[in-house]
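Dumped structure12.pdb below, it's PDB, C-alpha atoms:
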ATOM      1  CA  MET X 583     199.821  24.148  81.295
ATOM      2  CA  ASP X 584     202.632  22.407  83.180
ATOM      3  CA  LEU X 585     200.885  19.651  85.139
ATOM      4  CA  ASN X 586     203.900  19.225  87.403
ATOM      5  CA  ALA X 587     203.378  22.820  88.482
ATOM      6  CA  VAL X 588     199.659  22.149  88.958
ATOM      7  CA  ARG X 589     200.432  19.102  91.095
ATOM      8  CA  THR X 590     202.863  21.212  93.150
ATOM      9  CA  PHE X 591     200.186  23.888  93.618
ATOM     10  CA  VAL X 592     197.722  21.297  94.953
ATOM     11  CA  ALA X 593     200.354  19.865  97.290
ATOM     12  CA  VAL X 594     201.089  23.314  98.762
ATOM     13  CA  ALA X 595     197.372  24.119  99.035
ATOM     14  CA  GLU X 596     196.668  20.862 100.897
ATOM     15  CA  SER X 597     199.690  21.015 103.204
ATOM     16  CA  GLY X 598     199.634  24.790 103.771
ATOM     17  CA  GLN X 599     203.417  24.960 103.633
ATOM     18  CA  PHE X 600     205.980  25.114 100.839
ATOM     19  CA  GLN X 601     208.456  23.126 102.920
ATOM     20  CA  ARG X 602     206.021  20.278 103.678
ATOM     21  CA  ALA X 603     204.958  20.130 100.003
ATOM     22  CA  ALA X 604     208.627  19.891  99.026
ATOM     23  CA  VAL X 605     209.059  16.860 101.318
ATOM     24  CA  ASP X 606     205.868  15.207  99.995
ATOM     25  CA  LEU X 607     207.002  15.699  96.382
ATOM     26  CA  SER X 608     210.677  14.832  97.026
ATOM     27  CA  LEU X 609     211.733  18.272  95.804
ATOM     28  CA  THR X 610     213.737  21.139  97.233
ATOM     29  CA  GLN X 611     211.800  24.059  98.656
ATOM     30  CA  GLN X 612     213.418  26.244  95.995
ATOM     31  CA  ALA X 613     212.066  23.969  93.226
ATOM     32  CA  VAL X 614     208.578  24.202  94.724
ATOM     33  CA  SER X 615     208.798  27.997  94.833
ATOM     34  CA  LYS X 616     209.955  28.148  91.206
ATOM     35  CA  ARG X 617     207.062  25.944  90.033
ATOM     36  CA  ILE X 618     204.495  28.040  91.857
ATOM     37  CA  ALA X 619     206.024  31.262  90.496
ATOM     38  CA  ALA X 620     205.954  29.890  86.933
ATOM     39  CA  LEU X 621     202.302  28.857  87.321
ATOM     40  CA  GLU X 622     201.363  32.268  88.711
ATOM     41  CA  ASN X 623     203.129  33.964  85.795
ATOM     42  CA  GLU X 624     201.251  31.763  83.319
ATOM     43  CA  LEU X 625     197.876  32.470  84.939
ATOM     44  CA  GLY X 626     198.615  36.140  85.627
ATOM     45  CA  VAL X 627     197.412  35.972  89.240
ATOM     46  CA  ARG X 628     198.780  35.376  92.746
ATOM     47  CA  LEU X 629     197.807  31.944  94.100
ATOM     48  CA  PHE X 630     199.295  32.140  97.612
ATOM     49  CA  THR X 631     199.979  34.673 100.281
ATOM     50  CA  ARG X 632     202.972  33.766 102.422
ATOM     51  CA  THR X 633     202.384  34.035 106.182
ATOM     52  CA  ALA X 634     204.401  33.273 109.284
ATOM     53  CA  ARG X 635     202.649  29.917 109.477
ATOM     54  CA  GLY X 636     203.135  28.976 105.835
ATOM     55  CA  ALA X 637     201.088  29.703 102.719
ATOM     56  CA  ARG X 638     197.445  30.768 102.455
ATOM     57  CA  LEU X 639     195.400  30.560  99.258
ATOM     58  CA  THR X 640     194.365  33.846  97.721
ATOM     59  CA  VAL X 641     190.838  34.241  96.381
ATOM     60  CA  ASP X 642     192.163  33.308  92.907
ATOM     61  CA  GLY X 643     193.955  30.316  94.413
ATOM     62  CA  GLN X 644     190.711  29.134  96.016
ATOM     63  CA  VAL X 645     188.915  29.448  92.675
ATOM     64  CA  PHE X 646     191.682  27.623  90.830
ATOM     65  CA  LEU X 647     192.039  24.709  93.309
ATOM     66  CA  PRO X 648     189.039  22.541  92.249
ATOM     67  CA  HIS X 649     189.989  22.968  88.581
ATOM     68  CA  ALA X 650     193.580  21.995  89.386
ATOM     69  CA  ARG X 651     192.331  18.819  91.061
ATOM     70  CA  ASP X 652     190.193  18.054  88.014
ATOM     71  CA  LEU X 653     193.239  18.471  85.761
ATOM     72  CA  LEU X 654     195.234  16.005  87.849
ATOM     73  CA  HIS X 655     192.380  13.484  87.946
ATOM     74  CA  THR X 656     192.109  13.714  84.161
ATOM     75  CA  GLN X 657     195.851  13.152  83.843
ATOM     76  CA  ASP X 658     195.648  10.078  86.084
ATOM     77  CA  ARG X 659     192.691   8.655  84.157
ATOM     78  CA  ALA X 660     194.462   9.243  80.843
ATOM     79  CA  ALA X 661     197.562   7.424  82.082
ATOM     80  CA  ALA X 662     195.461   4.553  83.446
ATOM     81  CA  ALA X 663     193.716   4.187  80.085
ATOM     82  CA  VAL X 664     196.983   3.215  78.404
ATOM     83  CA  SER X 665     199.044   1.773  81.272
ATOM     84  CA  PRO X 666     199.627  -2.009  81.033
ATOM     85  CA  GLY X 667     197.834  -3.782  83.828
ATOM     86  CA  ARG X 668     195.404  -0.911  84.368
ATOM     87  CA  ARG X 669     193.751  -0.770  80.952
ATOM     88  CA  ALA X 670     191.895  -3.463  79.032
ATOM     89  CA  LEU X 671     193.876  -6.149  77.201
ATOM     90  CA  ARG X 672     193.534  -5.433  73.462
ATOM     91  CA  VAL X 673     193.364  -8.611  71.366
ATOM     92  CA  ASP X 674     192.894  -9.059  67.611
ATOM     93  CA  VAL X 675     190.690 -12.089  66.869
ATOM     94  CA  VAL X 676     190.596 -11.656  63.023
ATOM     95  CA  GLY X 677     186.784 -12.023  62.932
ATOM     96  CA  ARG X 678     184.091 -12.077  65.599
ATOM     97  CA  ARG X 679     182.471 -15.188  64.082
ATOM     98  CA  LEU X 680     185.661 -17.209  63.940
ATOM     99  CA  SER X 681     186.913 -19.742  66.458
ATOM    100  CA  THR X 682     189.547 -17.286  67.682
ATOM    101  CA  ALA X 683     186.772 -15.117  69.100
ATOM    102  CA  GLY X 684     185.469 -18.232  70.857
ATOM    103  CA  LEU X 685     188.924 -18.894  72.319
ATOM    104  CA  LEU X 686     188.976 -15.364  73.721
ATOM    105  CA  ARG X 687     185.456 -15.806  75.142
ATOM    106  CA  ASP X 688     186.640 -18.969  76.920
ATOM    107  CA  PHE X 689     189.541 -16.985  78.390
ATOM    108  CA  HIS X 690     187.151 -14.262  79.575
ATOM    109  CA  ARG X 691     184.960 -16.847  81.328
ATOM    110  CA  ALA X 692     188.028 -18.246  83.085
ATOM    111  CA  HIS X 693     189.378 -14.775  83.958
ATOM    112  CA  PRO X 694     186.347 -12.467  84.329
ATOM    113  CA  GLY X 695     188.418  -9.884  86.183
ATOM    114  CA  ILE X 696     190.589  -9.126  83.135
ATOM    115  CA  ALA X 697     189.017  -6.407  80.983
ATOM    116  CA  LEU X 698     189.187  -7.027  77.229
ATOM    117  CA  ASP X 699     188.989  -4.924  74.081
ATOM    118  CA  VAL X 700     188.217  -7.174  71.110
ATOM    119  CA  MET X 701     189.732  -6.015  67.809
ATOM    120  CA  THR X 702     189.349  -7.306  64.231
ATOM    121  CA  LEU X 703     192.266  -6.416  61.972
ATOM    122  CA  SER X 704     192.500  -7.255  58.292
ATOM    123  CA  ASP X 705     195.708  -9.255  57.818
ATOM    124  CA  VAL X 706     198.909 -10.405  59.482
ATOM    125  CA  ASP X 707     200.920  -7.366  58.340
ATOM    126  CA  THR X 708     198.363  -5.004  59.885
ATOM    127  CA  ALA X 709     198.317  -7.066  63.075
ATOM    128  CA  VAL X 710     202.118  -7.107  63.337
ATOM    129  CA  ALA X 711     202.278  -3.332  62.799
ATOM    130  CA  ALA X 712     199.665  -2.852  65.541
ATOM    131  CA  LEU X 713     201.637  -5.098  67.906
ATOM    132  CA  ARG X 714     204.830  -3.155  67.248
ATOM    133  CA  SER X 715     203.134   0.224  67.785
ATOM    134  CA  GLY X 716     201.352  -0.917  70.959
ATOM    135  CA  ALA X 717     197.890  -0.425  69.445
ATOM    136  CA  ILE X 718     197.099  -4.043  70.389
ATOM    137  CA  ASP X 719     198.644  -6.445  72.907
ATOM    138  CA  ALA X 720     198.084  -9.798  71.206
ATOM    139  CA  ALA X 721     196.729 -11.269  67.981
ATOM    140  CA  PHE X 722     195.556 -14.627  66.689
ATOM    141  CA  ARG X 723     197.226 -15.452  63.356
ATOM    142  CA  ALA X 724     198.759 -18.172  61.234
ATOM    143  CA  VAL X 725     202.273 -17.109  62.111
ATOM    144  CA  ALA X 726     204.239 -17.570  58.902
ATOM    145  CA  MET X 727     203.645 -17.254  55.183
ATOM    146  CA  PRO X 728     205.962 -18.206  52.331
ATOM    147  CA  GLY X 729     208.762 -15.669  52.142
ATOM    148  CA  ARG X 730     207.313 -13.484  54.946
ATOM    149  CA  PRO X 731     208.711 -14.478  58.344
ATOM    150  CA  LEU X 732     207.727 -12.616  61.483
ATOM    151  CA  PRO X 733     209.954  -9.754  62.678
ATOM    152  CA  ASP X 734     212.456 -10.636  65.400
ATOM    153  CA  ASP X 735     210.611  -8.590  68.026
ATOM    154  CA  ILE X 736     207.329 -10.480  67.567
ATOM    155  CA  GLU X 737     206.865 -13.666  69.602
ATOM    156  CA  ALA X 738     204.468 -16.455  68.607
ATOM    157  CA  VAL X 739     203.237 -19.693  70.129
ATOM    158  CA  PRO X 740     200.820 -22.246  68.577
ATOM    159  CA  VAL X 741     197.548 -22.306  70.522
ATOM    160  CA  HIS X 742     194.902 -24.047  68.405
ATOM    161  CA  ASP X 743     194.977 -26.440  65.452
ATOM    162  CA  GLU X 744     191.421 -26.222  64.148
ATOM    163  CA  PRO X 745     190.099 -29.097  61.982
ATOM    164  CA  LEU X 746     188.368 -28.056  58.768
ATOM    165  CA  HIS X 747     184.859 -29.002  57.718
ATOM    166  CA  LEU X 748     183.298 -28.900  54.279
ATOM    167  CA  LEU X 749     179.995 -27.024  54.071
ATOM    168  CA  THR X 750     177.596 -28.144  51.334
ATOM    169  CA  GLY X 751     174.020 -27.590  50.274
ATOM    170  CA  PRO X 752     171.511 -30.481  50.130
ATOM    171  CA  ALA X 753     171.851 -30.891  46.328
ATOM    172  CA  HIS X 754     175.623 -31.343  46.278
ATOM    173  CA  GLU X 755     177.062 -34.802  45.541
ATOM    174  CA  PHE X 756     178.789 -34.857  48.938
ATOM    175  CA  ALA X 757     175.697 -33.864  50.910
ATOM    176  CA  THR X 758     175.095 -37.369  52.272
ATOM    177  CA  ALA X 759     178.711 -38.062  53.237
ATOM    178  CA  THR X 760     179.521 -38.487  56.922
ATOM    179  CA  ALA X 761     183.217 -37.726  56.307
ATOM    180  CA  LEU X 762     185.508 -37.097  53.346
ATOM    181  CA  ALA X 763     189.193 -37.431  52.584
ATOM    182  CA  PRO X 764     190.808 -34.236  51.245
ATOM    183  CA  ALA X 765     191.895 -36.174  48.149
ATOM    184  CA  GLN X 766     188.206 -36.602  47.250
ATOM    185  CA  LEU X 767     187.996 -32.850  46.731
ATOM    186  CA  ALA X 768     190.382 -32.910  43.743
ATOM    187  CA  GLY X 769     188.817 -30.951  40.868
ATOM    188  CA  ARG X 770     185.915 -29.708  43.025
ATOM    189  CA  ARG X 771     185.064 -25.994  43.320
ATOM    190  CA  ILE X 772     185.579 -24.470  46.774
ATOM    191  CA  TRP X 773     184.054 -20.993  46.883
ATOM    192  CA  MET X 774     185.799 -18.610  49.305
ATOM    193  CA  PRO X 775     185.152 -14.990  48.286
ATOM    194  CA  GLY X 776     186.809 -13.736  51.487
ATOM    195  CA  ASN X 777     190.209 -14.999  50.362
ATOM    196  CA  VAL X 778     192.063 -11.848  49.365
ATOM    197  CA  PRO X 779     195.686 -11.755  48.171
ATOM    198  CA  GLY X 780     198.311 -11.283  50.843
ATOM    199  CA  THR X 781     196.379 -12.739  53.797
ATOM    200  CA  GLU X 782     197.573 -15.717  55.768
ATOM    201  CA  TRP X 783     194.362 -17.673  55.172
ATOM    202  CA  THR X 784     194.714 -17.244  51.394
ATOM    203  CA  ALA X 785     198.251 -18.642  51.671
ATOM    204  CA  TYR X 786     196.929 -21.549  53.741
ATOM    205  CA  TYR X 787     194.157 -22.501  51.329
ATOM    206  CA  GLY X 788     196.511 -22.043  48.380
ATOM    207  CA  ALA X 789     198.822 -24.629  49.943
ATOM    208  CA  LEU X 790     195.878 -26.942  50.613
ATOM    209  CA  ALA X 791     194.765 -26.677  46.969
ATOM    210  CA  ALA X 792     198.298 -27.444  45.772
ATOM    211  CA  GLU X 793     198.428 -30.511  48.035
ATOM    212  CA  PHE X 794     195.005 -32.060  47.401
ATOM    213  CA  GLY X 795     193.807 -30.611  44.093
ATOM    214  CA  PRO X 796     190.564 -28.662  44.711
ATOM    215  CA  THR X 797     190.017 -25.336  42.959
ATOM    216  CA  ILE X 798     189.721 -22.356  45.315
ATOM    217  CA  GLU X 799     187.376 -19.843  43.698
ATOM    218  CA  THR X 800     187.340 -16.255  44.944
ATOM    219  CA  ALA X 801     185.385 -14.621  42.124
ATOM    220  CA  GLY X 802     182.523 -12.309  43.002
ATOM    221  CA  PRO X 803     182.151  -9.717  45.760
ATOM    222  CA  ASP X 804     182.280 -10.793  49.393
ATOM    223  CA  PHE X 805     178.874  -9.828  50.805
ATOM    224  CA  GLY X 806     179.502 -11.600  54.111
ATOM    225  CA  ILE X 807     178.654 -14.935  55.665
ATOM    226  CA  GLU X 808     174.876 -14.699  55.146
ATOM    227  CA  ALA X 809     175.274 -14.262  51.381
ATOM    228  CA  LEU X 810     177.802 -17.113  51.321
ATOM    229  CA  LEU X 811     175.334 -19.441  53.065
ATOM    230  CA  ASP X 812     172.576 -18.419  50.632
ATOM    231  CA  THR X 813     174.747 -19.390  47.669
ATOM    232  CA  ILE X 814     176.015 -22.677  49.108
ATOM    233  CA  ALA X 815     172.491 -23.763  50.118
ATOM    234  CA  ALA X 816     171.200 -23.255  46.555
ATOM    235  CA  SER X 817     174.185 -24.729  44.675
ATOM    236  CA  ALA X 818     174.817 -28.289  43.476
ATOM    237  CA  THR X 819     178.432 -27.524  42.591
ATOM    238  CA  LEU X 820     179.841 -25.015  45.099
ATOM    239  CA  VAL X 821     181.047 -25.840  48.601
ATOM    240  CA  THR X 822     183.157 -23.929  51.115
ATOM    241  CA  PHE X 823     185.512 -24.602  54.007
ATOM    242  CA  LEU X 824     184.919 -23.557  57.579
ATOM    243  CA  GLY X 825     186.552 -24.320  60.897
ATOM    244  CA  GLU X 826     185.172 -26.920  63.251
ATOM    245  CA  ARG X 827     184.519 -24.279  65.930
ATOM    246  CA  THR X 828     183.098 -21.610  63.618
ATOM    247  CA  PRO X 829     179.606 -20.888  65.019
ATOM    248  CA  LEU X 830     177.001 -20.504  62.277
ATOM    249  CA  VAL X 831     173.211 -20.381  62.310
ATOM    250  CA  TRP X 832     171.139 -20.653  59.132
ATOM    251  CA  PRO X 833     167.436 -21.013  58.280
ATOM    252  CA  ALA X 834     166.123 -24.561  58.636
ATOM    253  CA  GLY X 835     165.087 -24.652  54.968
ATOM    254  CA  TYR X 836     168.720 -24.329  53.866
ATOM    255  CA  ASP X 837     169.491 -27.877  55.076
ATOM    256  CA  LEU X 838     173.233 -27.206  54.975
ATOM    257  CA  ARG X 839     175.636 -30.022  55.873
ATOM    258  CA  ARG X 840     178.929 -29.797  57.793
ATOM    259  CA  ILE X 841     181.170 -32.662  56.753
ATOM    260  CA  PRO X 842     184.405 -33.463  58.637
ATOM    261  CA  LEU X 843     187.567 -34.093  56.626
ATOM    262  CA  ARG X 844     189.646 -37.166  57.489
ATOM    263  CA  HIS X 845     192.762 -39.075  56.395
ATOM    264  CA  PRO X 846     194.413 -36.641  56.855
ATOM    265  CA  THR X 847     192.485 -33.962  58.705
ATOM    266  CA  PRO X 848     193.476 -30.484  57.478
ATOM    267  CA  VAL X 849     193.926 -28.192  60.475
ATOM    268  CA  TYR X 850     194.241 -24.432  60.430
ATOM    269  CA  PRO X 851     197.168 -23.383  62.671
ATOM    270  CA  HIS X 852     196.133 -20.540  64.980
ATOM    271  CA  SER X 853     198.985 -18.963  66.947
ATOM    272  CA  LEU X 854     199.050 -16.170  69.501
ATOM    273  CA  LEU X 855     201.353 -13.253  68.644
ATOM    274  CA  TRP X 856     202.666 -10.517  70.946
ATOM    275  CA  HIS X 857     205.527  -8.037  71.075
ATOM    276  CA  ARG X 858     208.373  -9.236  73.259
ATOM    277  CA  ARG X 859     208.516  -5.898  75.107
ATOM    278  CA  ASN X 860     204.780  -5.671  75.744
ATOM    279  CA  GLY X 861     204.337  -5.032  79.449
ATOM    280  CA  HIS X 862     200.668  -5.891  79.928
ATOM    281  CA  PRO X 863     200.569  -8.639  82.608
ATOM    282  CA  ALA X 864     197.446 -10.232  81.126
ATOM    283  CA  VAL X 865     199.360 -11.244  77.971
ATOM    284  CA  ALA X 866     201.081 -14.008  79.955
ATOM    285  CA  ALA X 867     197.744 -15.088  81.457
ATOM    286  CA  LEU X 868     196.180 -15.344  77.987
ATOM    287  CA  ARG X 869     199.170 -17.252  76.601
ATOM    288  CA  ASP X 870     199.217 -19.706  79.518
ATOM    289  CA  HIS X 871     195.462 -20.257  79.291
ATOM    290  CA  LEU X 872     195.591 -21.039  75.585
ATOM    291  CA  THR X 873     198.668 -23.255  75.594
ATOM    292  CA  ALA X 874     197.339 -25.298  78.518
ATOM    293  CA  ARG X 875     194.137 -25.967  76.572
ATOM    294  CA  ARG X 876     195.631 -26.483  73.116
ATOM    295  CA  PRO X 877     193.725 -29.425  71.582
ATOM    296  CA  GLN X 878     195.686 -32.520  70.704
ATOM    297  CA  HIS X 879     194.889 -35.002  67.946
ATOM    298  CA  PRO X 880     196.391 -38.296  69.162
ATOM    299  CA  GLY X 881     196.166 -41.102  66.639
ATOM    300  CA  THR X 882     194.807 -38.749  63.969
ATOM    301  CA  ALA X 883     196.729 -37.940  60.808
ATOM    302  CA  VAL X 884     196.634 -34.170  60.352
ATOM    303  CA  TRP X 885     197.819 -31.845  57.596
ATOM    304  CA  THR X 886     198.914 -28.235  57.615
ATOM    305  CA  PRO X 887     201.346 -26.430  55.307
ATOM    306  CA  GLU X 888     205.017 -27.146  55.903
ATOM    307  CA  TRP X 889     205.648 -23.470  56.665
ATOM    308  CA  ALA X 890     203.151 -23.549  59.549
ATOM    309  CA  ARG X 891     203.906 -26.907  61.144
ATOM    310  CA  HIS X 892     206.188 -25.774  63.925
ATOM    311  CA  GLY X 893     205.199 -22.140  64.285
ATOM    312  CA  THR X 894     208.444 -21.124  62.595
ATOM    313  CA  PRO X 895     209.090 -18.988  59.524
ATOM    314  CA  PRO X 896     209.244 -21.025  56.292
ATOM    315  CA  GLN X 897     212.270 -21.756  54.181
ATOM    316  CA  ALA X 898     212.160 -21.927  50.373
ATOM    317  CA  ASP X 899     210.154 -24.955  49.286
ATOM    318  CA  ASP X 900     208.605 -25.408  45.846
ATOM    319  CA  ARG X 901     205.925 -27.781  47.205
ATOM    320  CA  ARG X 902     204.066 -25.099  49.128
ATOM    321  CA  GLY X 903     201.806 -23.948  46.340
ATOM    322  CA  PRO X 904     201.269 -20.442  45.018
ATOM    323  CA  GLU X 905     202.837 -17.459  46.701
ATOM    324  CA  PRO X 906     200.453 -14.708  47.871
ATOM    325  CA  ARG X 907     200.432 -11.744  45.497
TER
END
Would it be possible to restate this file's structure as structure tokens?
Amino acid sequence: MDLNAVRTFVAVAESGQFQRAAVDLSLTQQAVSKRIAALENELGVRLFTRTARGARLTVDGQVFLPHARDLLHTQDRAAAAVSPGRRALRVDVVGRRLSTAGLLRDFHRAHPGIALDVMTLSDVDTAVAALRSGAIDAAFRAVAMPGRPLPDDIEAVPVHDEPLHLLTGPAHEFATATALAPAQLAGRRIWMPGNVPGTEWTAYYGALAAEFGPTIETAGPDFGIEALLDTIAASATLVTFLGERTPLVWPAGYDLRRIPLRHPTPVYPHSLLWHRRNGHPAVAALRDHLTARRPQHPGTAVWTPEWARHGTPPQADDRRGPEPR
């Protein structure tokens, strides 16, 4: 059904005149008459009776009017659901237990009037495709990977350099350490079953392993964070990395230890991505909020892969470690 014709029908019904409806809709009276005639032909009934004073609804017109209004309300609601500024801001946070979800929660507390839809997409390629299609408005990602720069229509700005911690069980040799240098991890086994080929975090930890010498192990199925904590708590040889702001809760009997890394401090480079033609006004509010609160590390030596240091796509460099497969 032609909703323009339905809207014209409602305008004539409410004004009682074809001419007045034409003025309200910025149409000619002839265009209004043609729309009404087409709608009547489609429905197979007469909707108006013309009188000296204008137009009067027929019995069928009276029956159709509330349904016509419902159709127009549905159209308006459907448009509002996808119109920038009227619908929720859709943001990919990678994982709901990661610091990026915490960054978005902080934004929501500062801007409670902005509705949010929180998404969790699998990798940077999926996130970029969703940004380009309009399925999401923004995404938190490490912006560049070796040999895979961002498309020209995707904008990115660094928003959070998150220091890494080492998580150990009570029987591990590092369990009593108050801090460690990354070089002390050379030859040690870092278990990260969630590192899958092609993701930006796998590229990041591959570069870290190439720089400081630990072995990143991904063997075994990824049963989630609870299973990971179970294994680390019971192991004297396995440890894992997690971000400083990653919120975790474990049973008291696990006695897990979070150990900061220093000299230098490895930081994971979170950036905010968006499509340059995205029209949602809250994208700018989110970007401004995050960049104004980006943590600084004055006087602290930090490390991140060369390809991620300035939020720019990498150039060829043999020192970056293994390429994602």
Selection dump of the PyMOL selection byres ((chain X and resi 646) around 12), as a PyMOL selection string: chain X and resi 588+591-592+595+621-622+625+627-630+639-645+647-653
Result set, the PyMOL selection byres ((chain X and resi 790-803) around 8) on current file, as a list in words: Pro764, Ala765, Leu767, Ala768, Gly769, Arg770, Arg771, Ile772, Trp773, Met774, Pro775, Gly776, Asn777, Val778, Tyr786, Tyr787, Gly788, Ala789, Asp804, Phe805, Thr886, Pro887, Arg901, Arg902, Gly903 and Pro904 of chain X
Return as JSON lines the residues of region 628-694 of chain X lying at most 9 Å from region 704-724 of chain X, together with the closest atom-to-atom pair for each and the distance in Å to one decimal, counting only C-alpha atoms, with rows in chain order and ascending residue number.
{"residue": "X:Leu671", "atom": "CA", "partner": "X:Asp719", "partner_atom": "CA", "distance": 6.4}
{"residue": "X:Arg672", "atom": "CA", "partner": "X:Ile718", "partner_atom": "CA", "distance": 4.9}
{"residue": "X:Val673", "atom": "CA", "partner": "X:Ala720", "partner_atom": "CA", "distance": 4.9}
{"residue": "X:Asp674", "atom": "CA", "partner": "X:Ala721", "partner_atom": "CA", "distance": 4.4}
{"residue": "X:Val675", "atom": "CA", "partner": "X:Phe722", "partner_atom": "CA", "distance": 5.5}
{"residue": "X:Val676", "atom": "CA", "partner": "X:Ser704", "partner_atom": "CA", "distance": 6.7}
{"residue": "X:Gly677", "atom": "CA", "partner": "X:Ser704", "partner_atom": "CA", "distance": 8.8}
{"residue": "X:Thr682", "atom": "CA", "partner": "X:Phe722", "partner_atom": "CA", "distance": 6.6}
Interatomic distance (Å, one decimal) between CA of Ile736 (chain X) and CA of Arg859 (chain X):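 Distance between the two atoms: 8.9 Å.
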Distance in Å - CA of Leu810 (chain X) versus CA of Tyr836 (chain X):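 Answer for the CA of Leu810 (chain X) to CA of Tyr836 (chain X) separation: 11.9 Å.
Comparing X:Leu685, X:Ala785, X:Val849, X:Leu585 by their smallest distance to Asp658 (chain X), the closest is X:Leu585 (using all atoms listed in the file).
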Coordinates-based distance that separates CA of Ile618 (chain X) from CA of Thr633 (chain X) (Å, one decimal):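 These atoms are spaced 15.7 Å apart.
Excluding His693 (chain X) and any residue on its chain fewer than 5 positions from it, the residues at most 12 Å away by only C-alpha atoms are Leu671, Leu686, Arg687, Asp688, Leu698, Ala864, Ala867, Leu868, Asp870 and His871 of chain X.
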Output of the PyMOL selection byres ((chain X and resi 879) around 12), listed as a ChimeraX atom specification: /X:742-745,844,846-849,876-878,880-885
Selection as a VMD selection string: residues within 6 Å of (205.1, 24.9, 97.7), counting only C-alpha atoms: chain X and resid 594 600 603 614 to 615
How would the residues just picked look written out with C-alpha atoms as a PDB file, in the frame of the given file?
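Below is the file out-v6.pdb, written as the result:
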ATOM      1  CA  VAL X 594     201.089  23.314  98.762  1.00  0.00           C
ATOM      2  CA  PHE X 600     205.980  25.114 100.839  1.00  0.00           C
ATOM      3  CA  ALA X 603     204.958  20.130 100.003  1.00  0.00           C
ATOM      4  CA  VAL X 614     208.578  24.202  94.724  1.00  0.00           C
ATOM      5  CA  SER X 615     208.798  27.997  94.833  1.00  0.00           C
TER       6      SER X 615
END
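Of the residues under consideration (X:Thr813, X:Thr750, X:Thr631, X:Asn586), X:Thr750 shows the shortest atom-to-atom contact distance to Ile841 (chain X) when counting only C-alpha atoms.
Of the listed residues X:Ile696, X:Ala670, X:Ala890, X:Ala761, the one whose atoms come nearest to His845 (chain X) is X:Ala761, with distances taken using only C-alpha atoms.
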